[in-house]
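Asks: Sharing work-v3.pdb, PDB, C-alpha atoms, pLDDT in the B column:
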MODEL        1
ATOM      1  CA  MET T   1      12.030 -10.925 -23.064  1.00 42.00           C
ATOM      2  CA  GLY T   2       8.890  -9.018 -22.148  1.00 47.00           C
ATOM      3  CA  SER T   3       6.771 -12.182 -22.086  1.00 49.00           C
ATOM      4  CA  GLU T   4       6.489 -14.407 -19.048  1.00 48.00           C
ATOM      5  CA  VAL T   5       9.293 -16.920 -18.825  1.00 50.00           C
ATOM      6  CA  ARG T   6       7.094 -19.579 -17.280  1.00 71.00           C
ATOM      7  CA  GLN T   7       3.510 -20.330 -16.456  1.00 84.00           C
ATOM      8  CA  ARG T   8       2.497 -19.002 -13.040  1.00 94.00           C
ATOM      9  CA  ARG T   9       0.412 -21.058 -10.620  1.00 95.00           C
ATOM     10  CA  ILE T  10      -2.435 -19.675  -8.508  1.00 96.00           C
ATOM     11  CA  VAL T  11      -4.303 -21.594  -5.820  1.00 96.00           C
ATOM     12  CA  ALA T  12      -7.601 -20.100  -4.659  1.00 97.00           C
ATOM     13  CA  LEU T  13      -8.664 -21.464  -1.274  1.00 97.00           C
ATOM     14  CA  CYS T  14     -12.441 -21.291  -0.951  1.00 95.00           C
ATOM     15  CA  ALA T  15     -13.620 -21.408   2.657  1.00 93.00           C
ATOM     16  CA  SER T  16     -17.373 -21.317   2.149  1.00 90.00           C
ATOM     17  CA  PRO T  17     -19.354 -24.482   2.914  1.00 87.00           C
ATOM     18  CA  ARG T  18     -21.506 -23.629  -0.129  1.00 88.00           C
ATOM     19  CA  VAL T  19     -19.915 -24.765  -3.376  1.00 86.00           C
ATOM     20  CA  ASP T  20     -22.337 -22.505  -5.268  1.00 87.00           C
ATOM     21  CA  GLY T  21     -22.039 -19.551  -2.897  1.00 91.00           C
ATOM     22  CA  ASN T  22     -20.713 -16.046  -3.347  1.00 92.00           C
ATOM     23  CA  SER T  23     -17.166 -16.781  -2.182  1.00 94.00           C
ATOM     24  CA  ARG T  24     -16.925 -19.588  -4.710  1.00 94.00           C
ATOM     25  CA  ALA T  25     -18.284 -17.320  -7.450  1.00 94.00           C
ATOM     26  CA  LEU T  26     -15.534 -14.795  -6.710  1.00 96.00           C
ATOM     27  CA  ALA T  27     -12.883 -17.523  -6.683  1.00 96.00           C
ATOM     28  CA  ASP T  28     -14.154 -19.000  -9.962  1.00 95.00           C
ATOM     29  CA  ALA T  29     -14.082 -15.552 -11.576  1.00 96.00           C
ATOM     30  CA  LEU T  30     -10.478 -14.999 -10.495  1.00 97.00           C
ATOM     31  CA  VAL T  31      -9.451 -18.391 -11.865  1.00 96.00           C
ATOM     32  CA  GLU T  32     -11.213 -17.582 -15.127  1.00 95.00           C
ATOM     33  CA  GLY T  33      -9.225 -14.372 -15.447  1.00 95.00           C
ATOM     34  CA  ALA T  34      -5.989 -16.170 -14.602  1.00 95.00           C
ATOM     35  CA  HIS T  35      -6.642 -18.726 -17.339  1.00 96.00           C
ATOM     36  CA  GLN T  36      -7.223 -15.907 -19.815  1.00 93.00           C
ATOM     37  CA  LYS T  37      -3.694 -14.720 -19.047  1.00 93.00           C
ATOM     38  CA  GLY T  38      -2.268 -18.202 -19.471  1.00 93.00           C
ATOM     39  CA  HIS T  39      -1.705 -18.924 -15.798  1.00 95.00           C
ATOM     40  CA  ALA T  40      -2.408 -22.292 -14.210  1.00 95.00           C
ATOM     41  CA  ALA T  41      -5.093 -21.690 -11.588  1.00 96.00           C
ATOM     42  CA  GLU T  42      -7.451 -23.815  -9.532  1.00 95.00           C
ATOM     43  CA  VAL T  43     -10.009 -23.527  -6.744  1.00 96.00           C
ATOM     44  CA  VAL T  44      -9.620 -25.735  -3.689  1.00 95.00           C
ATOM     45  CA  GLN T  45     -12.739 -26.232  -1.598  1.00 93.00           C
ATOM     46  CA  LEU T  46     -11.232 -26.301   1.897  1.00 92.00           C
ATOM     47  CA  ASP T  47     -13.999 -28.214   3.623  1.00 91.00           C
ATOM     48  CA  GLN T  48     -13.441 -31.044   1.138  1.00 91.00           C
ATOM     49  CA  VAL T  49      -9.734 -31.166   1.971  1.00 91.00           C
ATOM     50  CA  MET T  50      -9.709 -30.686   5.743  1.00 89.00           C
ATOM     51  CA  THR T  51     -11.859 -32.951   7.883  1.00 88.00           C
ATOM     52  CA  GLY T  52     -10.170 -32.402  11.234  1.00 83.00           C
ATOM     53  CA  LEU T  53      -9.423 -29.464  13.500  1.00 80.00           C
ATOM     54  CA  LEU T  54      -6.039 -28.622  14.955  1.00 78.00           C
ATOM     55  CA  ARG T  55      -5.136 -30.736  17.989  1.00 83.00           C
ATOM     56  CA  ASP T  56      -2.356 -30.633  20.576  1.00 83.00           C
ATOM     57  CA  CYS T  57       0.645 -31.281  18.318  1.00 80.00           C
ATOM     58  CA  ARG T  58       2.730 -32.536  21.213  1.00 81.00           C
ATOM     59  CA  LYS T  59       0.296 -35.431  21.643  1.00 80.00           C
ATOM     60  CA  CYS T  60      -0.941 -35.750  18.079  1.00 80.00           C
ATOM     61  CA  ARG T  61       2.267 -35.953  16.040  1.00 84.00           C
ATOM     62  CA  ARG T  62       3.478 -39.314  14.870  1.00 88.00           C
ATOM     63  CA  PRO T  63       6.899 -40.509  16.110  1.00 86.00           C
ATOM     64  CA  ASP T  64       8.457 -39.321  12.831  1.00 84.00           C
ATOM     65  CA  GLY T  65       7.041 -35.801  13.383  1.00 82.00           C
ATOM     66  CA  ARG T  66       4.316 -35.992  10.756  1.00 87.00           C
ATOM     67  CA  CYS T  67       0.797 -34.763  11.467  1.00 80.00           C
ATOM     68  CA  ALA T  68      -1.525 -37.582  12.516  1.00 78.00           C
ATOM     69  CA  ILE T  69      -4.708 -35.992  11.140  1.00 83.00           C
ATOM     70  CA  GLU T  70      -5.650 -38.146   8.178  1.00 85.00           C
ATOM     71  CA  ASP T  71      -7.090 -35.891   5.510  1.00 83.00           C
ATOM     72  CA  GLY T  72      -5.923 -34.030   2.430  1.00 87.00           C
ATOM     73  CA  PHE T  73      -4.103 -31.169   4.123  1.00 89.00           C
ATOM     74  CA  GLU T  74      -0.591 -32.577   3.763  1.00 90.00           C
ATOM     75  CA  GLU T  75      -1.139 -33.049   0.023  1.00 92.00           C
ATOM     76  CA  LEU T  76      -2.570 -29.534  -0.223  1.00 95.00           C
ATOM     77  CA  VAL T  77       0.531 -28.055   1.395  1.00 93.00           C
ATOM     78  CA  HIS T  78       3.186 -29.950  -0.517  1.00 93.00           C
ATOM     79  CA  GLU T  79       1.571 -30.548  -3.901  1.00 93.00           C
ATOM     80  CA  ARG T  80      -0.376 -27.326  -4.372  1.00 94.00           C
ATOM     81  CA  LEU T  81       0.584 -24.499  -2.041  1.00 96.00           C
ATOM     82  CA  VAL T  82       4.371 -24.793  -1.896  1.00 95.00           C
ATOM     83  CA  PRO T  83       4.772 -24.971  -5.707  1.00 94.00           C
ATOM     84  CA  ALA T  84       2.275 -22.131  -6.311  1.00 96.00           C
ATOM     85  CA  ASP T  85       3.240 -18.532  -7.043  1.00 95.00           C
ATOM     86  CA  ALA T  86       0.105 -17.006  -5.501  1.00 96.00           C
ATOM     87  CA  TRP T  87      -2.441 -17.882  -2.839  1.00 97.00           C
ATOM     88  CA  VAL T  88      -5.918 -16.385  -2.923  1.00 97.00           C
ATOM     89  CA  TYR T  89      -8.221 -16.584   0.083  1.00 97.00           C
ATOM     90  CA  ALA T  90     -11.957 -16.610  -0.639  1.00 96.00           C
ATOM     91  CA  THR T  91     -14.178 -16.511   2.433  1.00 95.00           C
ATOM     92  CA  PRO T  92     -17.600 -15.340   3.504  1.00 94.00           C
ATOM     93  CA  LEU T  93     -17.795 -12.890   6.381  1.00 93.00           C
ATOM     94  CA  TYR T  94     -19.065 -14.801   9.428  1.00 93.00           C
ATOM     95  CA  TRP T  95     -19.563 -12.831  12.640  1.00 93.00           C
ATOM     96  CA  TYR T  96     -17.185 -10.173  11.278  1.00 92.00           C
ATOM     97  CA  GLY T  97     -14.408 -12.695  10.800  1.00 92.00           C
ATOM     98  CA  MET T  98     -13.311 -15.393   8.401  1.00 93.00           C
ATOM     99  CA  SER T  99     -15.182 -18.676   8.175  1.00 93.00           C
ATOM    100  CA  ALA T 100     -14.221 -21.631  10.360  1.00 93.00           C
ATOM    101  CA  ALA T 101     -12.691 -23.479   7.408  1.00 93.00           C
ATOM    102  CA  MET T 102     -10.363 -20.567   6.643  1.00 94.00           C
ATOM    103  CA  LYS T 103      -9.341 -20.180  10.276  1.00 94.00           C
ATOM    104  CA  ASN T 104      -8.710 -23.921  10.428  1.00 93.00           C
ATOM    105  CA  PHE T 105      -6.434 -23.598   7.393  1.00 94.00           C
ATOM    106  CA  PHE T 106      -4.181 -21.154   9.245  1.00 94.00           C
ATOM    107  CA  ASP T 107      -4.362 -23.207  12.448  1.00 92.00           C
ATOM    108  CA  ARG T 108      -3.397 -26.399  10.630  1.00 89.00           C
ATOM    109  CA  LEU T 109      -0.551 -24.710   8.761  1.00 93.00           C
ATOM    110  CA  VAL T 110       1.381 -24.385  12.023  1.00 91.00           C
ATOM    111  CA  CYS T 111       1.849 -28.170  12.054  1.00 89.00           C
ATOM    112  CA  TYR T 112       3.840 -27.929   8.835  1.00 85.00           C
ATOM    113  CA  VAL T 113       6.009 -24.899   9.605  1.00 91.00           C
ATOM    114  CA  SER T 114       6.896 -26.055  13.107  1.00 89.00           C
ATOM    115  CA  ALA T 115      10.430 -27.379  13.549  1.00 88.00           C
ATOM    116  CA  SER T 116       8.933 -30.637  14.828  1.00 87.00           C
ATOM    117  CA  TYR T 117       7.812 -31.472  11.306  1.00 86.00           C
ATOM    118  CA  PRO T 118      10.603 -33.152   9.308  1.00 88.00           C
ATOM    119  CA  ARG T 119       9.899 -31.127   6.135  1.00 91.00           C
ATOM    120  CA  SER T 120       9.258 -27.843   7.906  1.00 87.00           C
ATOM    121  CA  GLN T 121      12.102 -25.922   6.254  1.00 92.00           C
ATOM    122  CA  GLU T 122      10.774 -26.903   2.847  1.00 92.00           C
ATOM    123  CA  VAL T 123       7.342 -25.554   3.783  1.00 91.00           C
ATOM    124  CA  VAL T 124       8.697 -22.375   5.380  1.00 94.00           C
ATOM    125  CA  GLU T 125      10.737 -21.533   2.280  1.00 94.00           C
ATOM    126  CA  GLY T 126       7.796 -22.533   0.091  1.00 93.00           C
ATOM    127  CA  CYS T 127       5.501 -20.068   1.845  1.00 94.00           C
ATOM    128  CA  LYS T 128       7.726 -17.079   1.133  1.00 93.00           C
ATOM    129  CA  ALA T 129       7.473 -14.608  -1.754  1.00 93.00           C
ATOM    130  CA  LYS T 130       3.927 -15.595  -2.737  1.00 94.00           C
ATOM    131  CA  ARG T 131       1.496 -13.016  -4.001  1.00 96.00           C
ATOM    132  CA  VAL T 132      -1.684 -13.006  -1.894  1.00 97.00           C
ATOM    133  CA  ALA T 133      -5.196 -11.645  -2.354  1.00 97.00           C
ATOM    134  CA  LEU T 134      -8.446 -11.759  -0.397  1.00 97.00           C
ATOM    135  CA  LEU T 135     -11.891 -12.289  -1.917  1.00 97.00           C
ATOM    136  CA  LEU T 136     -14.465 -11.451   0.728  1.00 95.00           C
ATOM    137  CA  ALA T 137     -18.195 -12.090   0.389  1.00 91.00           C
ATOM    138  CA  SER T 138     -20.383 -10.216   2.856  1.00 90.00           C
ATOM    139  CA  GLU T 139     -24.005  -9.203   3.258  1.00 83.00           C
ATOM    140  CA  GLU T 140     -23.283  -5.666   4.419  1.00 86.00           C
ATOM    141  CA  ARG T 141     -21.270  -2.879   2.841  1.00 85.00           C
ATOM    142  CA  PHE T 142     -20.246  -1.067   6.045  1.00 84.00           C
ATOM    143  CA  PRO T 143     -16.583  -0.104   5.426  1.00 81.00           C
ATOM    144  CA  SER T 144     -15.126  -1.651   8.564  1.00 83.00           C
ATOM    145  CA  ALA T 145     -17.250  -4.832   8.593  1.00 85.00           C
ATOM    146  CA  GLY T 146     -14.538  -6.973   7.043  1.00 86.00           C
ATOM    147  CA  MET T 147     -11.514  -5.273   8.573  1.00 88.00           C
ATOM    148  CA  GLY T 148     -10.905  -8.135  10.998  1.00 91.00           C
ATOM    149  CA  VAL T 149     -10.392 -10.517   8.078  1.00 93.00           C
ATOM    150  CA  VAL T 150      -8.291  -8.013   6.148  1.00 93.00           C
ATOM    151  CA  PHE T 151      -6.077  -7.440   9.171  1.00 93.00           C
ATOM    152  CA  GLN T 152      -5.525 -11.154   9.784  1.00 94.00           C
ATOM    153  CA  ILE T 153      -4.579 -11.792   6.145  1.00 95.00           C
ATOM    154  CA  GLN T 154      -2.329  -8.731   6.227  1.00 94.00           C
ATOM    155  CA  GLU T 155      -0.478  -9.878   9.333  1.00 93.00           C
ATOM    156  CA  SER T 156      -0.272 -13.510   8.181  1.00 94.00           C
ATOM    157  CA  SER T 157       1.164 -12.338   4.860  1.00 94.00           C
ATOM    158  CA  ARG T 158       3.699 -10.145   6.629  1.00 94.00           C
ATOM    159  CA  TYR T 159       4.715 -13.041   8.874  1.00 93.00           C
ATOM    160  CA  LEU T 160       5.175 -15.354   5.883  1.00 94.00           C
ATOM    161  CA  HIS T 161       7.058 -12.729   3.821  1.00 94.00           C
ATOM    162  CA  GLN T 162       4.301 -12.583   1.222  1.00 94.00           C
ATOM    163  CA  GLN T 163       2.923  -9.683  -0.823  1.00 93.00           C
ATOM    164  CA  PHE T 164      -0.726  -8.923  -0.019  1.00 95.00           C
ATOM    165  CA  VAL T 165      -1.769  -7.170  -3.220  1.00 95.00           C
ATOM    166  CA  GLU T 166      -5.556  -6.813  -3.215  1.00 94.00           C
ATOM    167  CA  VAL T 167      -8.903  -7.100  -1.430  1.00 94.00           C
ATOM    168  CA  ILE T 168     -12.124  -7.535  -3.394  1.00 93.00           C
ATOM    169  CA  ASN T 169     -15.400  -7.354  -1.491  1.00 92.00           C
ATOM    170  CA  GLY T 170     -18.549  -8.728  -3.100  1.00 90.00           C
ATOM    171  CA  ILE T 171     -21.919  -8.025  -1.515  1.00 88.00           C
ATOM    172  CA  GLY T 172     -24.590 -10.694  -1.416  1.00 87.00           C
ATOM    173  CA  ASN T 173     -26.393 -13.169   0.819  1.00 89.00           C
ATOM    174  CA  LYS T 174     -28.355 -15.605  -1.353  1.00 87.00           C
ATOM    175  CA  ARG T 175     -26.341 -18.146  -3.335  1.00 89.00           C
ATOM    176  CA  GLY T 176     -24.660 -16.433  -6.257  1.00 84.00           C
ATOM    177  CA  GLU T 177     -26.241 -13.082  -5.445  1.00 87.00           C
ATOM    178  CA  VAL T 178     -22.853 -11.406  -5.682  1.00 86.00           C
ATOM    179  CA  ARG T 179     -23.340 -11.216  -9.443  1.00 91.00           C
ATOM    180  CA  PHE T 180     -25.996  -8.530  -8.875  1.00 77.00           C
ATOM    181  CA  ASP T 181     -23.612  -6.291  -6.905  1.00 85.00           C
ATOM    182  CA  PRO T 182     -23.527  -3.076  -8.986  1.00 83.00           C
ATOM    183  CA  THR T 183     -19.812  -2.626  -8.287  1.00 87.00           C
ATOM    184  CA  ASP T 184     -19.285  -5.853 -10.327  1.00 87.00           C
ATOM    185  CA  PRO T 185     -16.856  -7.672  -8.027  1.00 92.00           C
ATOM    186  CA  LEU T 186     -16.841 -10.664 -10.365  1.00 94.00           C
ATOM    187  CA  HIS T 187     -15.323  -8.507 -13.087  1.00 94.00           C
ATOM    188  CA  ALA T 188     -12.833  -7.137 -10.562  1.00 95.00           C
ATOM    189  CA  ALA T 189     -11.882 -10.706  -9.621  1.00 96.00           C
ATOM    190  CA  ARG T 190     -11.353 -11.647 -13.263  1.00 95.00           C
ATOM    191  CA  VAL T 191      -9.123  -8.627 -13.781  1.00 94.00           C
ATOM    192  CA  LEU T 192      -7.168  -9.500 -10.650  1.00 95.00           C
ATOM    193  CA  GLY T 193      -6.685 -13.026 -11.978  1.00 95.00           C
ATOM    194  CA  ARG T 194      -5.124 -11.553 -15.098  1.00 94.00           C
ATOM    195  CA  GLU T 195      -3.035  -9.012 -13.182  1.00 93.00           C
ATOM    196  CA  MET T 196      -2.068 -11.069 -10.142  1.00 94.00           C
ATOM    197  CA  PHE T 197       1.640 -10.838 -10.917  1.00 93.00           C
ATOM    198  CA  THR T 198       1.708  -7.330 -12.360  1.00 90.00           C
ATOM    199  CA  ARG T 199      -0.552  -5.511  -9.876  1.00 89.00           C
ATOM    200  CA  HIS T 200       1.358  -2.721  -8.147  1.00 86.00           C
ATOM    201  CA  TYR T 201       2.448  -3.613  -4.622  1.00 86.00           C
ATOM    202  CA  SER T 202       4.181  -1.454  -2.037  1.00 84.00           C
ATOM    203  CA  ASP T 203       4.772  -1.679   1.683  1.00 83.00           C
ATOM    204  CA  TYR T 204       7.178   1.081   2.613  1.00 81.00           C
ATOM    205  CA  ASN T 205       8.897   1.835   5.882  1.00 77.00           C
ATOM    206  CA  ILE T 206      10.729   4.967   6.930  1.00 80.00           C
ATOM    207  CA  ASP T 207      14.080   3.579   5.756  1.00 81.00           C
ATOM    208  CA  ALA T 208      12.860   2.577   2.293  1.00 79.00           C
ATOM    209  CA  VAL T 209      14.581   4.208  -0.683  1.00 80.00           C
ATOM    210  CA  ARG T 210      12.037   4.812  -3.406  1.00 78.00           C
ATOM    211  CA  PRO T 211      11.320   7.074  -6.400  1.00 76.00           C
ATOM    212  CA  ASN T 212       9.385  10.291  -5.903  1.00 77.00           C
ATOM    213  CA  SER T 213       6.786   8.986  -8.379  1.00 78.00           C
ATOM    214  CA  VAL T 214       4.864   5.741  -7.981  1.00 81.00           C
ATOM    215  CA  TRP T 215       4.160   5.089 -11.677  1.00 79.00           C
ATOM    216  CA  PRO T 216       6.920   4.780 -14.323  1.00 77.00           C
ATOM    217  CA  ASP T 217       5.089   7.033 -16.804  1.00 75.00           C
ATOM    218  CA  ALA T 218       5.056   9.834 -14.237  1.00 76.00           C
ATOM    219  CA  ARG T 219       8.795   9.506 -13.678  1.00 69.00           C
ATOM    220  CA  ASP T 220       9.409  10.289 -17.344  1.00 66.00           C
ATOM    221  CA  THR T 221       7.947  13.767 -16.810  1.00 63.00           C
ATOM    222  CA  ASP T 222       9.656  14.382 -13.464  1.00 55.00           C
ATOM    223  CA  HIS T 223      12.715  16.645 -13.706  1.00 56.00           C
ATOM    224  CA  ASP T 224      13.871  15.465 -10.283  1.00 53.00           C
ATOM    225  CA  SER T 225      14.933  11.840 -10.770  1.00 51.00           C
ATOM    226  CA  SER T 226      16.412  11.446  -7.331  1.00 50.00           C
ATOM    227  CA  VAL T 227      15.180   8.877  -4.862  1.00 54.00           C
ATOM    228  CA  THR T 228      14.243   9.718  -1.301  1.00 50.00           C
ATOM    229  CA  PRO T 229      13.404   7.771   1.849  1.00 52.00           C
ATOM    230  CA  TYR T 230      10.236   9.806   2.313  1.00 46.00           C
ATOM    231  CA  ALA T 231       7.339  11.117   0.231  1.00 47.00           C
ATOM    232  CA  ASP T 232       7.207  14.700  -1.025  1.00 44.00           C
ATOM    233  CA  VAL T 233       5.160  16.969   1.249  1.00 38.00           C
TER     234      VAL T 233
ENDMDL
END
Write the structure described by the file as structure tokens, please.

Replies:
Amino acid sequence: MGSEVRQRRIVALCASPRVDGNSRALADALVEGAHQKGHAAEVVQLDQVMTGLLRDCRKCRRPDGRCAIEDGFEELVHERLVPADAWVYATPLYWYGMSAAMKNFFDRLVCYVSASYPRSQEVVEGCKAKRVALLLASEERFPSAGMGVVFQIQESSRYLHQQFVEVINGIGNKRGEVRFDPTDPLHAARVLGREMFTRHYSDYNIDAVRPNSVWPDARDTDHDSSVTPYADV
């Protein structure tokens, strides 16, 4: 009973225009780790799937409510993202934000969750309860440089009722240079791929009832087994 009852599916969305860039290296490492754990995982190169930008849906939609932009986004949503158990965003840091391809992904998603789309409820329900992670490639290490991207993923995950479990930041500029980052973000990405569904996640509010200890092993040594809506001070 302790083993996984089914194979989990992870989709890593790579938003770099360079297929041999640092974002792709991070995504490939995560997929490698996921495969080591027995998960089904793949990298989707977003600029090869999406060829059009978001338009005015009121003018663009077909009479049946379907999106009129002819590219691979509809297939991505229904055949890959909805059935997946986890979404991973891999993007370079451009002007202290996500790349255009990643922003376009979120912009285009609105066409499929809007009530005007005939399968919107299927997509809305299919977006929920995913585990989410961010793989960020940047040239600079300054702590707040990537916070704009982190915040957008955090808020998008909250909106979609998803669990945002991890951020991995790899430093590099030249293609593949992230492998020289002494913090070894590629190793961190592989580990995350293996632990995507076991990594500790919490997002408490003041009304949450929770144990005094975060980790189960610590609870075994705690004489006070009660639960409280606030942390010990």

Asks: Which residue out of T:Val110, T:Ile153, T:Leu76, T:Ala15 has the minimum interatomic distance to Thr91 of chain T when only C-alpha atoms are used?

Replies: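 Of all the options, T:Ala15 lies closest to Thr91 of chain T.
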
Asks: Any idea what's packed within 9 Å of Gly176 of chain T, counting only C-alpha atoms, ignoring anything in its chain fewer than 4 positions away? Could you give it as a PyMOL selection string?

Replies: chain T and resi 20-25+172+180

Asks: Would you write out those residues with C-alpha atoms, as a PDB file, in the frame of the given file?

Replies:
ATOM      1  CA  ASP T  20     -22.337 -22.505  -5.268  1.00 87.00           C
ATOM      2  CA  GLY T  21     -22.039 -19.551  -2.897  1.00 91.00           C
ATOM      3  CA  ASN T  22     -20.713 -16.046  -3.347  1.00 92.00           C
ATOM      4  CA  SER T  23     -17.166 -16.781  -2.182  1.00 94.00           C
ATOM      5  CA  ARG T  24     -16.925 -19.588  -4.710  1.00 94.00           C
ATOM      6  CA  ALA T  25     -18.284 -17.320  -7.450  1.00 94.00           C
ATOM      7  CA  GLY T 172     -24.590 -10.694  -1.416  1.00 87.00           C
ATOM      8  CA  PHE T 180     -25.996  -8.530  -8.875  1.00 77.00           C
TER       9      PHE T 180
END

Asks: Quick check, in Å to one decimal: how far apart do atom CA of Arg141 of chain T and atom CA of Asp181 of chain T lie?

Replies: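 Computed distance, atom CA of Arg141 of chain T to atom CA of Asp181 of chain T, equals 10.6 Å.
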
Asks: Can you list, as a list in words, the residues that the PyMOL selection byres ((chain T and resi 53-62) around 9) selects here?

Replies: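 When the PyMOL selection byres ((chain T and resi 53-62) around 9) is applied, the selected residues are Met50, Thr51, Gly52, Pro63, Asp64, Gly65, Arg66, Cys67, Ala68, Ile69, Asn104, Phe105, Asp107, Arg108, Cys111, Ser116 and Tyr117 of chain T.
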
Asks: Determine, for each residue of segment 159-194 of chain T having at least one atom at most 8 Å from an atom of segment 133-140 of chain T, the closest pair of atoms and their separation in Å to one decimal, counting all atoms listed in the file; order by chain and ascending number, as a Markdown table.

Replies:
| residue | atom | partner | partner_atom | distance |
| --- | --- | --- | --- | --- |
| T:Phe164 | CA | T:Ala133 | CA | 5.7 |
| T:Val165 | CA | T:Ala133 | CA | 5.7 |
| T:Glu166 | CA | T:Ala133 | CA | 4.9 |
| T:Val167 | CA | T:Leu134 | CA | 4.8 |
| T:Ile168 | CA | T:Leu135 | CA | 5.0 |
| T:Asn169 | CA | T:Leu136 | CA | 4.8 |
| T:Gly170 | CA | T:Ala137 | CA | 4.9 |
| T:Ile171 | CA | T:Ser138 | CA | 5.1 |
| T:Gly172 | CA | T:Glu139 | CA | 4.9 |
| T:Asn173 | CA | T:Glu139 | CA | 5.2 |
| T:Val178 | CA | T:Ala137 | CA | 7.7 |
| T:Ala189 | CA | T:Leu135 | CA | 7.9 |

Asks: Would you mind telling me which residue in T:Pro143, T:Gly148, T:Pro216, T:Gly38 lies nearest to Gly97 of chain T when using only C-alpha atoms?

Replies: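 Counting only C-alpha atoms, the residue closest to Gly97 of chain T is T:Gly148.
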